[in-house]
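Chemist: Next up, data38.pdb (PDB, C-alpha atoms).
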ATOM      1  CA  MET A  22     -12.123 -37.919  -8.659
ATOM      2  CA  ARG A  23     -11.863 -35.885  -5.449
ATOM      3  CA  ASP A  24     -10.020 -32.587  -5.548
ATOM      4  CA  LEU A  25      -6.753 -32.349  -3.670
ATOM      5  CA  GLN A  26      -6.829 -30.422  -0.406
ATOM      6  CA  LEU A  27      -3.089 -29.796  -0.269
ATOM      7  CA  THR A  28      -0.454 -28.689  -2.749
ATOM      8  CA  HIS A  29       3.297 -28.140  -2.776
ATOM      9  CA  THR A  30       3.138 -25.070  -5.057
ATOM     10  CA  VAL A  31       2.035 -21.509  -4.313
ATOM     11  CA  VAL A  32       2.078 -18.160  -6.068
ATOM     12  CA  MET A  33       3.356 -15.138  -4.167
ATOM     13  CA  VAL A  34       3.330 -11.581  -5.512
ATOM     14  CA  SER A  35       6.224  -9.255  -4.798
ATOM     15  CA  PRO A  36       5.092  -5.865  -3.458
ATOM     16  CA  ASN A  37       6.011  -2.873  -5.605
ATOM     17  CA  HIS A  38       3.812  -0.257  -3.927
ATOM     18  CA  PHE A  39       3.012  -1.742  -0.528
ATOM     19  CA  GLY A  40       1.419   0.625   1.955
ATOM     20  CA  PHE A  41      -1.711   1.568   3.868
ATOM     21  CA  ASN A  42      -4.707   1.299   1.544
ATOM     22  CA  PRO A  43      -7.470   3.795   2.430
ATOM     23  CA  GLN A  44      -9.866   2.121  -0.031
ATOM     24  CA  THR A  45      -9.904  -1.087   2.019
ATOM     25  CA  ALA A  46      -9.559   0.352   5.531
ATOM     26  CA  GLU A  47     -13.304   0.927   6.006
ATOM     27  CA  SER A  48     -13.994  -2.826   5.892
ATOM     28  CA  ASN A  49     -10.705  -4.032   7.398
ATOM     29  CA  VAL A  50     -10.129  -2.985  11.008
ATOM     30  CA  PHE A  51      -6.848  -4.934  11.053
ATOM     31  CA  GLN A  52      -5.092  -2.209   9.022
ATOM     32  CA  ASN A  53      -3.065   0.388  10.895
ATOM     33  CA  HIS A  54      -1.077   3.513  10.140
ATOM     34  CA  VAL A  55       2.558   3.285  11.234
ATOM     35  CA  THR A  56       5.312   5.844  11.573
ATOM     36  CA  GLY A  57       7.824   6.060   8.766
ATOM     37  CA  SER A  58       7.948   7.209   5.177
ATOM     38  CA  GLU A  59       6.363   5.310   2.286
ATOM     39  CA  GLU A  60       9.862   4.297   1.230
ATOM     40  CA  GLU A  61      10.663   2.886   4.667
ATOM     41  CA  ILE A  62       7.400   0.942   4.846
ATOM     42  CA  GLN A  63       7.960  -0.417   1.345
ATOM     43  CA  ALA A  64      11.523  -1.465   2.145
ATOM     44  CA  LYS A  65      10.417  -3.321   5.288
ATOM     45  CA  ALA A  66       7.657  -5.113   3.390
ATOM     46  CA  GLN A  67      10.063  -6.113   0.618
ATOM     47  CA  ALA A  68      12.514  -7.508   3.143
ATOM     48  CA  GLU A  69       9.784  -9.464   4.940
ATOM     49  CA  PHE A  70       8.479 -10.802   1.639
ATOM     50  CA  LYS A  71      11.889 -12.016   0.462
ATOM     51  CA  GLU A  72      12.606 -13.684   3.791
ATOM     52  CA  ALA A  73       9.190 -15.383   3.746
ATOM     53  CA  VAL A  74       9.749 -16.721   0.214
ATOM     54  CA  SER A  75      13.159 -18.051   1.213
ATOM     55  CA  LYS A  76      11.882 -19.773   4.345
ATOM     56  CA  ILE A  77       8.938 -21.387   2.569
ATOM     57  CA  GLU A  78      11.137 -22.617  -0.279
ATOM     58  CA  LYS A  79      13.617 -24.160   2.187
ATOM     59  CA  CYS A  80      10.752 -26.330   3.449
ATOM     60  CA  GLY A  81      10.416 -27.956   0.032
ATOM     61  CA  ILE A  82       7.475 -25.872  -1.165
ATOM     62  CA  THR A  83       7.667 -24.415  -4.662
ATOM     63  CA  VAL A  84       7.091 -20.650  -4.765
ATOM     64  CA  LEU A  85       6.242 -19.032  -8.089
ATOM     65  CA  VAL A  86       6.837 -15.302  -7.786
ATOM     66  CA  LEU A  87       4.687 -13.003  -9.883
ATOM     67  CA  LYS A  88       5.723  -9.366 -10.042
ATOM     68  CA  SER A  89       3.227  -6.658  -9.132
ATOM     69  CA  ARG A  90       2.033  -4.483 -11.974
ATOM     70  CA  GLU A  91       4.246  -1.463 -12.499
ATOM     71  CA  ASP A  92       1.657   0.616 -14.369
ATOM     72  CA  TYR A  93      -0.764   0.875 -11.413
ATOM     73  CA  ILE A  94      -0.382   1.606  -7.709
ATOM     74  CA  THR A  95      -1.525  -1.584  -5.965
ATOM     75  CA  PRO A  96      -0.742  -1.346  -2.229
ATOM     76  CA  ASP A  97      -2.289  -4.761  -1.445
ATOM     77  CA  SER A  98      -0.823  -6.780  -4.313
ATOM     78  CA  ILE A  99       1.108  -8.882  -1.793
ATOM     79  CA  PHE A 100      -2.225 -10.665  -1.064
ATOM     80  CA  PRO A 101      -2.921 -12.494  -4.379
ATOM     81  CA  ASN A 102      -5.302 -15.131  -3.016
ATOM     82  CA  ASN A 103      -8.053 -12.498  -3.160
ATOM     83  CA  TRP A 104      -8.054 -12.196  -6.953
ATOM     84  CA  PHE A 105      -7.582 -15.767  -8.138
ATOM     85  CA  SER A 106      -7.882 -19.409  -7.165
ATOM     86  CA  HIS A 107      -6.539 -22.459  -8.974
ATOM     87  CA  HIS A 108      -8.084 -25.912  -8.799
ATOM     88  CA  SER A 109      -7.139 -29.563  -9.289
ATOM     89  CA  ASP A 110      -8.753 -29.761 -12.729
ATOM     90  CA  GLY A 111      -6.743 -26.764 -13.933
ATOM     91  CA  GLU A 112      -9.580 -24.242 -13.664
ATOM     92  CA  LEU A 113      -8.438 -20.713 -12.849
ATOM     93  CA  VAL A 114     -11.068 -18.446 -11.291
ATOM     94  CA  ILE A 115     -10.708 -14.638 -11.358
ATOM     95  CA  TYR A 116     -12.703 -12.780  -8.723
ATOM     96  CA  PRO A 117     -14.741  -9.552  -8.336
ATOM     97  CA  MET A 118     -13.242  -7.280  -5.669
ATOM     98  CA  LEU A 119     -14.660  -4.445  -3.598
ATOM     99  CA  ALA A 120     -11.868  -1.825  -3.719
ATOM    100  CA  PRO A 121     -11.196  -0.274  -7.156
ATOM    101  CA  ASN A 122      -7.450  -0.156  -6.626
ATOM    102  CA  ARG A 123      -7.401  -3.846  -5.706
ATOM    103  CA  ARG A 124      -9.021  -4.742  -9.016
ATOM    104  CA  ALA A 125      -5.873  -3.515 -10.734
ATOM    105  CA  GLU A 126      -3.944  -6.366  -9.070
ATOM    106  CA  ARG A 127      -5.427  -8.911 -11.474
ATOM    107  CA  GLN A 128      -3.001 -10.225 -14.086
ATOM    108  CA  ALA A 129      -4.801 -13.228 -15.517
ATOM    109  CA  GLU A 130      -2.704 -13.649 -18.667
ATOM    110  CA  LYS A 131       0.637 -13.170 -16.929
ATOM    111  CA  LEU A 132      -0.453 -15.604 -14.256
ATOM    112  CA  LYS A 133      -1.557 -18.156 -16.866
ATOM    113  CA  ASN A 134       1.809 -17.849 -18.598
ATOM    114  CA  LEU A 135       3.665 -18.251 -15.302
ATOM    115  CA  LEU A 136       1.694 -21.357 -14.381
ATOM    116  CA  GLU A 137       2.059 -23.008 -17.772
ATOM    117  CA  ALA A 138       5.783 -22.225 -17.901
ATOM    118  CA  SER A 139       6.048 -24.030 -14.566
ATOM    119  CA  GLY A 140       4.248 -27.108 -15.889
ATOM    120  CA  LYS A 141       0.888 -26.334 -14.294
ATOM    121  CA  SER A 142      -2.329 -26.788 -16.229
ATOM    122  CA  VAL A 143      -4.766 -23.969 -16.954
ATOM    123  CA  SER A 144      -7.663 -25.825 -18.528
ATOM    124  CA  LYS A 145     -10.162 -22.978 -18.309
ATOM    125  CA  ILE A 146     -10.379 -19.398 -17.037
ATOM    126  CA  ILE A 147     -13.603 -18.486 -15.235
ATOM    127  CA  ASP A 148     -13.652 -14.702 -15.006
ATOM    128  CA  LEU A 149     -16.223 -13.337 -12.566
ATOM    129  CA  SER A 150     -14.771  -9.825 -12.419
ATOM    130  CA  ASN A 151     -17.583  -8.250 -14.463
ATOM    131  CA  ASP A 152     -19.929  -8.946 -11.556
ATOM    132  CA  GLU A 153     -18.384  -5.930  -9.843
ATOM    133  CA  GLY A 154     -20.777  -3.886 -11.988
ATOM    134  CA  GLN A 155     -23.674  -5.355  -9.990
ATOM    135  CA  ALA A 156     -21.839  -4.821  -6.666
ATOM    136  CA  CYS A 157     -21.418  -8.581  -6.357
ATOM    137  CA  PHE A 158     -18.070  -9.245  -4.686
ATOM    138  CA  LEU A 159     -16.258 -12.436  -3.749
ATOM    139  CA  GLU A 160     -12.592 -12.093  -2.890
ATOM    140  CA  GLY A 161     -11.077 -15.463  -3.681
ATOM    141  CA  THR A 162      -9.848 -17.660  -0.871
ATOM    142  CA  GLY A 163     -10.104 -14.703   1.452
ATOM    143  CA  SER A 164     -13.894 -14.891   1.102
ATOM    144  CA  LEU A 165     -13.908 -18.661   0.553
ATOM    145  CA  VAL A 166     -12.405 -21.225   2.902
ATOM    146  CA  LEU A 167     -12.498 -24.475   0.959
ATOM    147  CA  ASP A 168     -12.813 -28.075   1.971
ATOM    148  CA  ARG A 169     -11.708 -29.120  -1.495
ATOM    149  CA  GLU A 170     -11.937 -32.874  -0.945
ATOM    150  CA  ASP A 171     -15.541 -32.790   0.271
ATOM    151  CA  LYS A 172     -16.487 -29.926  -2.065
ATOM    152  CA  ILE A 173     -17.726 -27.660   0.734
ATOM    153  CA  ALA A 174     -17.165 -23.899   0.609
ATOM    154  CA  TYR A 175     -17.405 -21.869   3.811
ATOM    155  CA  ALA A 176     -18.020 -18.132   3.489
ATOM    156  CA  MET A 177     -18.816 -15.340   5.882
ATOM    157  CA  GLU A 178     -21.101 -12.653   4.454
ATOM    158  CA  SER A 179     -19.499  -9.197   4.505
ATOM    159  CA  PRO A 180     -19.049  -6.183   2.213
ATOM    160  CA  ARG A 181     -16.431  -8.263   0.382
ATOM    161  CA  THR A 182     -18.447 -11.483   0.270
ATOM    162  CA  VAL A 183     -21.914 -11.153  -1.260
ATOM    163  CA  LYS A 184     -24.330 -14.060  -0.917
ATOM    164  CA  ALA A 185     -25.520 -13.960  -4.547
ATOM    165  CA  GLU A 186     -21.946 -14.195  -5.807
ATOM    166  CA  PHE A 187     -21.119 -16.968  -3.357
ATOM    167  CA  ASP A 188     -24.167 -18.939  -4.522
ATOM    168  CA  LYS A 189     -23.135 -18.411  -8.137
ATOM    169  CA  TRP A 190     -19.592 -19.617  -7.431
ATOM    170  CA  CYS A 191     -20.869 -22.746  -5.678
ATOM    171  CA  GLN A 192     -23.131 -23.576  -8.611
ATOM    172  CA  ILE A 193     -20.357 -23.099 -11.165
ATOM    173  CA  MET A 194     -17.762 -25.049  -9.191
ATOM    174  CA  GLY A 195     -20.056 -27.791  -7.884
ATOM    175  CA  TYR A 196     -19.587 -27.028  -4.191
ATOM    176  CA  LYS A 197     -22.000 -27.118  -1.299
ATOM    177  CA  GLY A 198     -22.083 -23.667   0.289
ATOM    178  CA  VAL A 199     -22.101 -22.935   4.024
ATOM    179  CA  LEU A 200     -22.756 -19.228   4.549
ATOM    180  CA  PHE A 201     -22.564 -17.612   7.982
ATOM    181  CA  HIS A 202     -21.988 -14.300   9.732
ATOM    182  CA  ALA A 203     -19.093 -13.551  12.075
ATOM    183  CA  TYR A 204     -18.220 -10.481  14.103
ATOM    184  CA  ASP A 205     -15.186  -9.034  15.830
ATOM    185  CA  SER A 206     -15.019  -7.910  19.466
ATOM    186  CA  LYS A 207     -16.705  -4.599  18.609
ATOM    187  CA  GLY A 208     -19.574  -6.146  16.699
ATOM    188  CA  PHE A 209     -18.312  -5.382  13.195
ATOM    189  CA  SER A 210     -18.433  -7.974  10.411
ATOM    190  CA  ILE A 211     -15.038  -9.595   9.959
ATOM    191  CA  TYR A 212     -13.879  -8.673   6.488
ATOM    192  CA  HIS A 213     -12.670 -12.082   5.243
ATOM    193  CA  THR A 214     -13.608 -15.632   6.159
ATOM    194  CA  ASN A 215      -9.959 -16.704   6.299
ATOM    195  CA  VAL A 216      -9.442 -14.437   9.305
ATOM    196  CA  THR A 217     -11.995 -16.516  11.202
ATOM    197  CA  MET A 218     -11.058 -20.012  10.026
ATOM    198  CA  SER A 219      -8.732 -22.259   8.069
ATOM    199  CA  ILE A 220      -9.211 -25.833   6.928
ATOM    200  CA  GLY A 221      -6.551 -28.504   6.622
ATOM    201  CA  LYS A 222      -6.847 -32.056   5.402
ATOM    202  CA  GLU A 223      -7.839 -33.444   8.803
ATOM    203  CA  TYR A 224      -8.443 -30.400  10.992
ATOM    204  CA  ALA A 225     -10.097 -26.999  11.095
ATOM    205  CA  VAL A 226      -9.017 -23.911  13.035
ATOM    206  CA  ILE A 227     -12.008 -21.673  13.693
ATOM    207  CA  CYS A 228     -13.326 -18.995  16.029
ATOM    208  CA  LEU A 229     -16.817 -20.348  16.670
ATOM    209  CA  ASP A 230     -17.413 -17.590  19.239
ATOM    210  CA  SER A 231     -17.357 -15.025  16.417
ATOM    211  CA  ILE A 232     -20.480 -16.664  14.931
ATOM    212  CA  LYS A 233     -23.165 -15.069  17.082
ATOM    213  CA  ASP A 234     -26.194 -16.863  15.654
ATOM    214  CA  PRO A 235     -26.419 -20.215  17.496
ATOM    215  CA  ILE A 236     -28.065 -21.963  14.548
ATOM    216  CA  GLU A 237     -25.362 -20.808  12.117
ATOM    217  CA  ARG A 238     -22.695 -21.791  14.634
ATOM    218  CA  GLU A 239     -24.067 -25.313  14.910
ATOM    219  CA  VAL A 240     -24.419 -25.667  11.144
ATOM    220  CA  VAL A 241     -20.750 -24.747  10.649
ATOM    221  CA  LYS A 242     -19.576 -26.951  13.496
ATOM    222  CA  ASP A 243     -21.667 -29.937  12.397
ATOM    223  CA  SER A 244     -20.443 -29.594   8.817
ATOM    224  CA  LEU A 245     -16.809 -29.695   9.944
ATOM    225  CA  ILE A 246     -17.452 -32.686  12.207
ATOM    226  CA  MET A 247     -19.263 -34.559   9.416
ATOM    227  CA  SER A 248     -16.179 -33.995   7.246
ATOM    228  CA  GLY A 249     -14.030 -35.651   9.894
ATOM    229  CA  LYS A 250     -12.143 -32.511  10.913
ATOM    230  CA  GLU A 251     -10.686 -32.075  14.377
ATOM    231  CA  ILE A 252     -11.866 -28.623  15.447
ATOM    232  CA  ILE A 253      -9.281 -26.386  17.085
ATOM    233  CA  GLU A 254     -11.241 -23.490  18.565
ATOM    234  CA  LEU A 255      -9.932 -19.936  18.706
ATOM    235  CA  SER A 256     -11.004 -17.089  20.943
ATOM    236  CA  ILE A 257     -12.025 -13.761  19.426
ATOM    237  CA  ASP A 258      -8.805 -12.250  20.801
ATOM    238  CA  GLN A 259      -6.797 -14.806  18.828
ATOM    239  CA  ILE A 260      -8.203 -13.726  15.471
ATOM    240  CA  TYR A 261      -6.556 -10.333  16.047
ATOM    241  CA  LYS A 262      -3.283 -12.242  16.182
ATOM    242  CA  TYR A 263      -4.058 -13.914  12.846
ATOM    243  CA  CYS A 264      -4.353 -17.393  14.349
ATOM    244  CA  GLY A 265      -7.109 -18.178  11.839
ATOM    245  CA  ASN A 266      -4.955 -17.078   8.906
ATOM    246  CA  THR A 267      -2.865 -20.207   8.365
ATOM    247  CA  LEU A 268      -2.401 -22.634   5.478
ATOM    248  CA  GLN A 269      -1.499 -26.311   5.346
ATOM    249  CA  LEU A 270       0.760 -27.260   2.444
ATOM    250  CA  LEU A 271       2.864 -30.237   1.365
ATOM    251  CA  SER A 272       6.594 -30.330   0.744
ATOM    252  CA  GLU A 273       7.734 -31.866  -2.527
ATOM    253  CA  ARG A 274       8.600 -34.985  -0.520
ATOM    254  CA  GLY A 275       5.025 -35.186   0.735
ATOM    255  CA  SER A 276       5.455 -34.020   4.321
ATOM    256  CA  SER A 277       2.834 -31.676   5.754
ATOM    257  CA  LYS A 278       3.718 -28.072   6.614
ATOM    258  CA  ILE A 279       1.481 -25.514   8.316
ATOM    259  CA  VAL A 280       2.476 -21.971   7.427
ATOM    260  CA  MET A 281       1.629 -19.095   9.742
ATOM    261  CA  SER A 282       3.107 -15.801  10.872
ATOM    262  CA  LYS A 283       5.223 -15.424  14.002
ATOM    263  CA  THR A 284       2.400 -13.236  15.325
ATOM    264  CA  ALA A 285      -0.042 -16.133  14.917
ATOM    265  CA  TYR A 286       2.365 -18.663  16.429
ATOM    266  CA  ASP A 287       2.801 -16.493  19.505
ATOM    267  CA  GLY A 288      -0.977 -16.081  19.718
ATOM    268  CA  PHE A 289      -1.735 -19.807  19.907
ATOM    269  CA  LYS A 290      -1.946 -21.590  23.226
ATOM    270  CA  LEU A 291       0.556 -24.393  23.753
ATOM    271  CA  SER A 292      -2.271 -26.945  23.786
ATOM    272  CA  GLN A 293      -3.518 -25.675  20.414
ATOM    273  CA  LEU A 294      -0.042 -25.849  18.900
ATOM    274  CA  GLU A 295       0.331 -29.428  20.108
ATOM    275  CA  LYS A 296      -2.881 -30.329  18.287
ATOM    276  CA  LEU A 297      -1.681 -28.615  15.102
ATOM    277  CA  LYS A 298       1.687 -30.337  15.235
ATOM    278  CA  LYS A 299      -0.088 -33.685  14.828
ATOM    279  CA  TYR A 300      -0.931 -32.558  11.311
ATOM    280  CA  GLY A 301       2.322 -31.017  10.153
ATOM    281  CA  GLU A 302       5.491 -29.099  10.930
ATOM    282  CA  ILE A 303       4.726 -25.495  11.777
ATOM    283  CA  ILE A 304       6.588 -22.980   9.614
ATOM    284  CA  THR A 305       6.592 -19.397  10.882
ATOM    285  CA  VAL A 306       7.346 -16.273   8.864
ATOM    286  CA  GLU A 307       8.030 -12.894  10.419
ATOM    287  CA  ILE A 308       5.886 -10.283   8.639
ATOM    288  CA  PRO A 309       4.983  -7.626  11.253
ATOM    289  CA  GLU A 310       5.032  -4.677   8.833
ATOM    290  CA  ILE A 311       2.885  -6.489   6.298
ATOM    291  CA  GLU A 312       0.376  -7.507   8.983
ATOM    292  CA  THR A 313       0.226  -4.128  10.717
ATOM    293  CA  VAL A 314      -0.098  -1.967   7.614
ATOM    294  CA  GLY A 315      -1.810  -4.379   5.218
ATOM    295  CA  GLY A 316      -4.216  -6.021   7.644
ATOM    296  CA  GLY A 317      -3.499  -9.496   6.266
ATOM    297  CA  SER A 318      -1.183 -12.306   7.247
ATOM    298  CA  ALA A 319       0.652 -15.366   5.929
ATOM    299  CA  ARG A 320      -2.282 -17.207   4.380
ATOM    300  CA  CYS A 321      -3.294 -14.086   2.430
ATOM    301  CA  MET A 322       0.158 -14.034   0.819
ATOM    302  CA  LEU A 323      -0.150 -17.616  -0.454
ATOM    303  CA  ALA A 324      -2.282 -18.617  -3.441
ATOM    304  CA  GLU A 325      -2.328 -22.383  -3.978
ATOM    305  CA  VAL A 326      -1.587 -23.972  -7.345
ATOM    306  CA  PHE A 327      -2.617 -27.568  -8.097
TER     307      PHE A 327
END
Could you render the structure from this file as structure tokens?
Modeler:
Amino acid sequence: MRDLQLTHTVVMVSPNHFGFNPQTAESNVFQNHVTGSEEEIQAKAQAEFKEAVSKIEKCGITVLVLKSREDYITPDSIFPNNWFSHHSDGELVIYPMLAPNRRAERQAEKLKNLLEASGKSVSKIIDLSNDEGQACFLEGTGSLVLDREDKIAYAMESPRTVKAEFDKWCQIMGYKGVLFHAYDSKGFSIYHTNVTMSIGKEYAVICLDSIKDPIEREVVKDSLIMSGKEIIELSIDQIYKYCGNTLQLLSERGSSKIVMSKTAYDGFKLSQLEKLKKYGEIITVEIPEIETVGGGSARCMLAEVF
């Protein structure tokens, strides 16, 4: 049986200690310092989070809210898709992460309890977190962009995405791996694959120009075409507006929704939006504080549950 590409349920994690994270800033050029006290930044992030949850729920998508840990300072806990992924067969994968203070975000047992209380299956927990001891990192569906139906995993090698760990994940999960390298406008490795691309059921949004090696670029492009995806190409400038950081979901009534930030929506060309609208209603959330300070966008806040 093929895995499902789309779901109508996501986990979101409420931010208790949101703020600029110096431990992740070295590998994430999208993070920025802003004026204002820690309390002001936290309050803005909380307000944006609550409004995003409300808007997504109104579209018929089920949001399971997991609270951040209170015993550790976890400034990036609002981005849960980096520490776990859930799959159609009920497998729950826990991931090895680069930044020590991000590792404290993991709450496998509380997550399992939340999922089961909501009627979702957890058939098996695959915990890869011990691989951090060998400096082998793979940060969930930030590192992995999954074509779940065709069992193809796309990953961009970076400090947060180590080839050996990616190969191990593909072997365990039975996926074909497509590894490539992508760079921002200044020549630095882009920190997560889901900044560069997203995959829906029938389309793919991707910045092919960020893949400098022509052979790698063709391999990625050909793989997407062979899977029957319409490719919507982004410019490098558009990845700074989080246009690659989107997620296609289903409402409980089965209608397709494409969730993105207002920043991303404004960054798309009209012609690109028209192509996307063929595949679902676009839902925008306004999260400027979260994006500016945290260096992540709407897709990073959403962890799918099947």
Chemist: Which residue is closest to A:Ile99? Choose from A:Gly317, A:Asn266, A:Lys131, A:Lys141 and count all atoms listed in the file.
Modeler: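 For A:Ile99, the nearest of the given residues is A:Gly317.
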Chemist: I'd like the residues picked by the PyMOL selection byres ((chain A and resi 35) around 10) written out as JSON, numbers by chain, using the chain letters and numbers from the file.
Modeler: {"A": [32, 33, 34, 36, 37, 38, 39, 66, 67, 70, 71, 74, 86, 87, 88, 89, 90, 98, 99, 100, 101, 322]}
Chemist: What does the distance from atom CA of A:Phe209 to atom CA of A:Ser256 come to in Å, to one decimal?
Modeler: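 Taking atom CA of A:Phe209 as the start and atom CA of A:Ser256 as the end point, the length is 15.8 Å.
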Chemist: Suppose you want the space between atom CA of A:Ala176 and atom CA of A:Met247; what is it in Å?
Modeler: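 Atom-to-atom, atom CA of A:Ala176 and atom CA of A:Met247 are spaced 17.5 Å apart.
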Chemist: Would you please work out which residue, of A:Leu119, A:Leu85, A:Val326, A:Val280, is nearest to A:Leu27 when using all atoms listed in the file?
Modeler: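 Looking only at the distances to A:Leu27, the closest residue turns out to be A:Val326.
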Chemist: For the file shown, report as a ChimeraX atom specification the outcome of the PyMOL selection byres ((chain A and resi 298-310) around 8) at residue level.
Modeler: /A:62,65-66,69-70,72-73,76-77,223-224,269,276-284,286,294-297,311-315,318-319
Chemist: Which centre and which edge lengths, in Å to one decimal, describe the axis-aligned box that holds all listed atoms of stretch 279-293 of chain A after 4 Å is added on each side, as JSON?
Modeler:
{"center_x": 0.9, "center_y": -20.1, "center_z": 15.6, "size_x": 16.7, "size_y": 21.7, "size_z": 24.4}
Chemist: Tell me, as a JSON list (two decimals) with C-alpha atoms, keeping the file's coordinate frame, which residues lie within 9 Å of A:Val241, counting all atoms listed in the file; anything in the same chain fewer than 5 positions away does not count.
Modeler:
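Once written, part.json looks like this:
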[["chain", "number", "residue", "atom", "x", "y", "z"],
["A", 175, "TYR", "CA", -17.40, -21.87, 3.81],
["A", 199, "VAL", "CA", -22.10, -22.94, 4.02],
["A", 200, "LEU", "CA", -22.76, -19.23, 4.55],
["A", 201, "PHE", "CA", -22.56, -17.61, 7.98],
["A", 229, "LEU", "CA", -16.82, -20.35, 16.67],
["A", 236, "ILE", "CA", -28.06, -21.96, 14.55],
["A", 246, "ILE", "CA", -17.45, -32.69, 12.21]]
Chemist: Calculate how many Å separate atom CA of A:Val31 from atom CA of A:Ile220, rounding to one decimal.
Modeler: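 Between atom CA of A:Val31 and atom CA of A:Ile220 the gap is 16.5 Å.
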Chemist: Since I can't run it myself right now, could you work out what the PyMOL selection byres ((chain A and resi 154-165) around 9) selects here and report it as a ChimeraX atom specification?
Modeler: /A:101-106,114-119,149-153,166-167,174-187,190,212-216,320-321,324
Chemist: Write out as a PyMOL selection string which residues come within 8 Å of A:His29 when counting all atoms listed in the file, dropping same-chain ones fewer than 5 positions away.
Modeler: chain A and resi 81-83+270-273+326-327
Chemist: With distances taken over all atoms listed in the file, which residue among A:Ile147, A:Met218, A:Thr45, A:Val84 lies nearest A:Leu135?
Modeler: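 Result for the nearest residue to A:Leu135: A:Val84.
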Chemist: Go through A:Ile173, A:Leu113, A:Cys191, A:Leu323 one by one, measure the shortest atom-to-atom distance of each to A:Lys133 using all atoms listed in the file, and give the residue with the smallest value.
Modeler: A:Leu113
Chemist: May I ask which of the residues A:Ser219, A:Gln63, A:Ser139, A:Gln128 is the closest one to A:Pro96, counting only C-alpha atoms?
Modeler: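 Closest residue, counting only C-alpha atoms: A:Gln63.
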Chemist: Output requested as a tab-separated table (two decimals), keeping the file's coordinate frame - stretch 130-144 of chain A, filled out with N, CA and C atoms.
Modeler:
chain	number	residue	atom	x	y	z
A	130	GLU	N	-3.54	-13.09	-17.60
A	130	GLU	CA	-2.70	-13.65	-18.67
A	130	GLU	C	-1.28	-13.90	-18.19
A	131	LYS	N	-0.72	-12.97	-17.45
A	131	LYS	CA	0.64	-13.17	-16.93
A	131	LYS	C	0.67	-14.34	-15.96
A	132	LEU	N	-0.37	-14.48	-15.17
A	132	LEU	CA	-0.45	-15.60	-14.26
A	132	LEU	C	-0.55	-16.91	-15.04
A	133	LYS	N	-1.41	-16.95	-16.04
A	133	LYS	CA	-1.56	-18.16	-16.87
A	133	LYS	C	-0.22	-18.55	-17.48
A	134	ASN	N	0.50	-17.57	-17.99
A	134	ASN	CA	1.81	-17.85	-18.60
A	134	ASN	C	2.80	-18.38	-17.57
A	135	LEU	N	2.77	-17.80	-16.37
A	135	LEU	CA	3.66	-18.25	-15.30
A	135	LEU	C	3.36	-19.69	-14.92
A	136	LEU	N	2.08	-20.01	-14.77
A	136	LEU	CA	1.69	-21.36	-14.38
A	136	LEU	C	2.07	-22.37	-15.45
A	137	GLU	N	1.77	-22.06	-16.70
A	137	GLU	CA	2.06	-23.01	-17.77
A	137	GLU	C	3.56	-23.19	-17.97
A	138	ALA	N	4.32	-22.12	-17.79
A	138	ALA	CA	5.78	-22.22	-17.90
A	138	ALA	C	6.36	-23.09	-16.79
A	139	SER	N	5.61	-23.22	-15.70
A	139	SER	CA	6.05	-24.03	-14.57
A	139	SER	C	5.46	-25.44	-14.61
A	140	GLY	N	4.80	-25.77	-15.71
A	140	GLY	CA	4.25	-27.11	-15.89
A	140	GLY	C	2.88	-27.32	-15.27
A	141	LYS	N	2.21	-26.23	-14.89
A	141	LYS	CA	0.89	-26.33	-14.29
A	141	LYS	C	-0.20	-26.11	-15.34
A	142	SER	N	-1.26	-26.87	-15.25
A	142	SER	CA	-2.33	-26.79	-16.23
A	142	SER	C	-3.27	-25.62	-15.95
A	143	VAL	N	-3.66	-24.93	-17.02
A	143	VAL	CA	-4.77	-23.97	-16.95
A	143	VAL	C	-5.77	-24.42	-18.01
A	144	SER	N	-6.72	-25.23	-17.59
A	144	SER	CA	-7.66	-25.82	-18.53
A	144	SER	C	-8.75	-24.85	-18.95
